[in-house]
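A.B. asks: File name data.csv; file contents CSV, C-alpha atoms; full text below.
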chain,number,residue,atom,x,y,z
A,6,MET,CA,81.0,89.1,106.3
A,7,PRO,CA,79.9,88.2,102.7
A,8,PRO,CA,80.9,84.6,101.8
A,9,ALA,CA,83.4,85.6,99.1
A,10,VAL,CA,85.1,87.9,101.6
A,11,LEU,CA,85.0,85.3,104.4
A,12,ASP,CA,86.7,82.7,102.1
A,13,ASP,CA,89.7,84.9,101.6
A,14,TYR,CA,89.7,86.0,105.2
A,15,GLU,CA,89.8,82.3,106.4
A,16,GLU,CA,92.5,81.4,103.9
A,17,ALA,CA,94.6,84.3,105.1
A,18,ALA,CA,94.1,83.2,108.7
A,19,SER,CA,95.2,79.7,107.8
A,20,ILE,CA,98.6,80.9,106.4
A,21,CYS,CA,99.3,84.1,108.3
A,22,VAL,CA,101.9,82.5,110.6
A,23,LYS,CA,103.8,80.8,107.8
A,24,SER,CA,103.5,83.7,105.3
A,25,PRO,CA,102.4,87.1,106.7
A,26,ARG,CA,103.0,88.6,103.3
A,27,ALA,CA,100.6,86.2,101.5
A,28,ALA,CA,98.0,86.7,104.2
A,29,ALA,CA,98.2,90.5,103.8
A,30,ALA,CA,97.7,90.1,100.0
A,31,LEU,CA,94.7,87.9,100.6
A,32,LEU,CA,93.2,90.4,103.1
A,33,ARG,CA,93.6,93.2,100.5
A,34,LEU,CA,91.8,90.9,98.0
A,35,ALA,CA,89.1,90.3,100.7
A,36,LEU,CA,88.7,94.1,101.0
A,37,GLU,CA,88.3,94.5,97.3
A,38,LYS,CA,85.6,91.8,97.3
A,39,LEU,CA,83.9,93.7,100.2
A,40,CYS,CA,83.8,96.8,98.1
A,41,HIS,CA,82.2,94.8,95.3
A,42,ALA,CA,79.7,93.4,97.8
A,43,LEU,CA,78.9,97.0,98.8
A,44,GLY,CA,77.9,97.6,95.2
A,45,LYS,CA,81.1,99.3,93.9
A,46,SER,CA,83.2,98.6,90.8
A,47,GLY,CA,86.5,99.8,89.4
A,48,THR,CA,89.9,99.8,91.1
A,49,ILE,CA,90.0,99.3,94.8
A,50,ASN,CA,91.1,102.9,95.3
A,51,LEU,CA,88.2,104.3,93.3
A,52,MET,CA,85.7,102.0,95.0
A,53,ILE,CA,86.9,103.4,98.4
A,54,GLY,CA,86.5,106.9,97.0
A,55,ASP,CA,83.0,106.1,95.9
A,56,LEU,CA,82.2,104.8,99.4
A,57,VAL,CA,83.5,108.0,100.9
A,58,LYS,CA,81.3,110.0,98.5
A,59,ASP,CA,78.4,107.8,99.7
A,60,GLY,CA,79.1,108.9,103.3
A,61,LEU,CA,81.6,106.3,104.6
A,62,PRO,CA,82.8,107.7,107.9
A,63,SER,CA,86.4,108.9,107.9
A,64,ARG,CA,87.6,106.4,110.4
A,65,ALA,CA,86.2,103.6,108.3
A,66,GLN,CA,87.9,105.1,105.2
A,67,GLN,CA,91.2,105.1,107.1
A,68,ALA,CA,90.8,101.4,107.9
A,69,PHE,CA,89.9,100.7,104.3
A,70,ASP,CA,93.0,102.5,103.0
A,71,ALA,CA,95.3,101.0,105.6
A,72,VAL,CA,94.3,97.5,104.5
A,73,ARG,CA,94.6,98.5,100.8
A,74,VAL,CA,98.0,100.1,101.1
A,75,ILE,CA,99.6,97.4,103.3
A,76,GLY,CA,98.1,94.7,101.2
A,77,ASN,CA,99.4,96.3,98.0
A,78,GLU,CA,102.9,96.5,99.6
A,79,ALA,CA,102.7,92.7,100.2
A,80,VAL,CA,102.2,92.2,96.4
A,81,HIS,CA,104.3,95.1,95.1
A,82,PRO,CA,107.1,95.6,97.7
A,83,GLY,CA,108.0,99.1,98.5
A,84,GLU,CA,108.4,100.7,101.9
A,85,ILE,CA,106.7,98.0,104.0
A,86,ASP,CA,108.4,94.6,104.2
A,87,LEU,CA,105.8,92.0,105.4
A,88,ARG,CA,107.9,88.8,105.0
A,89,ASP,CA,108.3,88.3,108.8
A,90,ASP,CA,105.8,90.8,110.1
A,91,LEU,CA,103.0,88.8,111.7
A,92,ASP,CA,102.0,91.8,114.0
A,93,THR,CA,101.1,93.9,111.0
A,94,VAL,CA,99.0,91.2,109.4
A,95,LEU,CA,97.1,90.6,112.7
A,96,THR,CA,96.3,94.3,112.7
A,97,LEU,CA,94.9,93.9,109.2
A,98,PHE,CA,92.6,91.1,110.4
A,99,LYS,CA,91.4,93.5,113.2
A,100,LEU,CA,90.9,96.3,110.7
A,101,LEU,CA,88.9,94.1,108.3
A,102,ASN,CA,86.7,93.0,111.2
A,103,LEU,CA,86.1,96.6,112.2
A,104,ILE,CA,85.3,97.5,108.6
A,105,VAL,CA,82.7,94.8,108.3
A,106,GLU,CA,81.2,95.8,111.7
A,107,LYS,CA,80.9,99.4,110.6
A,108,VAL,CA,79.6,99.0,107.1
A,109,ILE,CA,77.6,95.8,107.3
A,110,THR,CA,76.8,94.6,110.9
A,111,GLU,CA,75.9,97.9,112.5
A,112,PRO,CA,73.5,99.1,109.7
A,113,LYS,CA,71.8,95.7,109.7
A,114,GLU,CA,71.3,95.7,113.4
A,115,ILE,CA,70.0,99.3,113.5
A,116,ASP,CA,67.6,98.6,110.6
A,117,GLN,CA,66.3,95.5,112.4
A,118,ILE,CA,65.7,97.5,115.6
A,119,TYR,CA,64.2,100.5,113.8
A,120,SER,CA,61.9,98.5,111.7
A,121,GLY,CA,60.5,96.9,114.8
A,122,LEU,CA,59.2,100.2,116.2
A,123,PRO,CA,55.5,100.6,116.3
A,124,PRO,CA,54.0,101.8,113.0
A,125,GLY,CA,52.6,105.0,114.6
A,126,LYS,CA,56.0,105.9,116.0
A,127,LEU,CA,57.6,105.3,112.6
A,128,LYS,CA,55.0,107.6,111.0
A,129,GLY,CA,55.7,110.3,113.5
A,130,ILE,CA,59.4,110.1,112.8
A,131,GLU,CA,58.7,110.2,109.0
A,132,ASP,CA,56.4,113.2,109.5
A,133,ARG,CA,59.0,115.0,111.6
A,134,ASP,CA,61.8,114.4,109.1
A,135,GLY,CA,59.6,114.6,106.0
Spit out the file's structure as structure tokens when you get a sec.

C.D. replies:
Amino acid sequence: MPPAVLDDYEEAASICVKSPRAAAALLRLALEKLCHALGKSGTINLMIGDLVKDGLPSRAQQAFDAVRVIGNEAVHPGEIDLRDDLDTVLTLFKLLNLIVEKVITEPKEIDQIYSGLPPGKLKGIEDRDG
């Protein structure tokens, strides 16, 4: 998790029992910072759309949008009331962890393994796909 995202994540964790609403808002902010860390700019909704255009899997997109929508509701109350809803906020933590796993951790791990293949095998793969 990028440091700026982790800072908000940890702050949200430190207050989630006392204020689920504030924690949800911080997790939405963490998601926005994650989009920036992934090289996107603009509103959070547009950044998620850009990630989708870049090939973000639909399940990851759903997780992004769930954190975005619920976090927005914490700041701009509408249909979801988070004042005493710790369970929803705990779900947001889980979703943010899944997002980071899918868009940062998995690609890094695969890149590390793939780059360790023997050069001749990599060349064969390149020739095959080339």

A.B. asks: Would you mind listing what lies within 10 Å of segment 97-107 of chain A as an mmCIF file with C-alpha atoms, keeping the file's coordinate frame, with only C-alpha atoms counted and same-chain residues fewer than 4 positions away left out?

C.D. replies:
data_model
loop_
_atom_site.group_PDB
_atom_site.id
_atom_site.type_symbol
_atom_site.label_atom_id
_atom_site.label_comp_id
_atom_site.auth_asym_id
_atom_site.auth_seq_id
_atom_site.Cartn_x
_atom_site.Cartn_y
_atom_site.Cartn_z
ATOM 1 C CA MET A 6 81.000 89.100 106.300
ATOM 2 C CA PRO A 7 79.900 88.200 102.700
ATOM 3 C CA VAL A 10 85.100 87.900 101.600
ATOM 4 C CA TYR A 14 89.700 86.000 105.200
ATOM 5 C CA ALA A 17 94.600 84.300 105.100
ATOM 6 C CA ALA A 18 94.100 83.200 108.700
ATOM 7 C CA CYS A 21 99.300 84.100 108.300
ATOM 8 C CA ALA A 28 98.000 86.700 104.200
ATOM 9 C CA ALA A 29 98.200 90.500 103.800
ATOM 10 C CA LEU A 32 93.200 90.400 103.100
ATOM 11 C CA ARG A 33 93.600 93.200 100.500
ATOM 12 C CA ALA A 35 89.100 90.300 100.700
ATOM 13 C CA LEU A 36 88.700 94.100 101.000
ATOM 14 C CA LEU A 39 83.900 93.700 100.200
ATOM 15 C CA LEU A 61 81.600 106.300 104.600
ATOM 16 C CA PRO A 62 82.800 107.700 107.900
ATOM 17 C CA ARG A 64 87.600 106.400 110.400
ATOM 18 C CA ALA A 65 86.200 103.600 108.300
ATOM 19 C CA GLN A 66 87.900 105.100 105.200
ATOM 20 C CA GLN A 67 91.200 105.100 107.100
ATOM 21 C CA ALA A 68 90.800 101.400 107.900
ATOM 22 C CA PHE A 69 89.900 100.700 104.300
ATOM 23 C CA ALA A 71 95.300 101.000 105.600
ATOM 24 C CA VAL A 72 94.300 97.500 104.500
ATOM 25 C CA ARG A 73 94.600 98.500 100.800
ATOM 26 C CA ILE A 75 99.600 97.400 103.300
ATOM 27 C CA GLY A 76 98.100 94.700 101.200
ATOM 28 C CA LEU A 91 103.000 88.800 111.700
ATOM 29 C CA ASP A 92 102.000 91.800 114.000
ATOM 30 C CA THR A 93 101.100 93.900 111.000
ATOM 31 C CA GLU A 111 75.900 97.900 112.500
ATOM 32 C CA PRO A 112 73.500 99.100 109.700
ATOM 33 C CA LYS A 113 71.800 95.700 109.700
#

A.B. asks: Rounded to one decimal place, report the atom CA of Leu95 of chain A-atom CA of Ala42 of chain A distance in Å.

C.D. replies: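 One can read the atom CA of Leu95 of chain A to atom CA of Ala42 of chain A distance as 23.1 Å.
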
A.B. asks: Which of these residues is nearest to Ile20 of chain A, using only C-alpha atoms: A:Val94, A:Leu122, A:Leu127, A:Leu51?

C.D. replies: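 Among A:Val94, A:Leu122, A:Leu127, A:Leu51, it is A:Val94 that comes nearest to Ile20 of chain A.
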
A.B. asks: Report, in Å to a single decimal, how far apart atom CA of Lys23 of chain A and atom CA of Cys40 of chain A are.

C.D. replies: 27.4 Å

A.B. asks: Could you check the closest approach to Glu37 of chain A for each of A:Asp59, A:Asp13, A:Asp116, A:Asp89 and tell me which residue wins, using all atoms listed in the file?

C.D. replies: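 Answer, going by the shortest atom-to-atom distance: A:Asp13.
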
A.B. asks: Could you check how far atom CA of Val108 of chain A sits from atom CA of Leu56 of chain A, in Å to one decimal?

C.D. replies: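 Atom CA of Leu56 of chain A lies 10.0 Å from atom CA of Val108 of chain A.
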
A.B. asks: Nearest residue to Val22 of chain A out of A:Asp90, A:Glu78, A:Asp134, A:Glu114, using only C-alpha atoms?

C.D. replies: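 Smallest separation from Val22 of chain A among the options: A:Asp90.
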
A.B. asks: With distances taken over only C-alpha atoms, which residue among A:Gly54, A:Pro25, A:Gly60, A:Pro8 lies nearest Lys38 of chain A?

C.D. replies: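 So, comparing all the options, the nearest one is A:Pro8.
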
A.B. asks: I'd like to know which of A:Ser63, A:Gln117, A:Thr48, A:Asn77 is closest to Leu31 of chain A, using all atoms listed in the file.

C.D. replies: A:Asn77
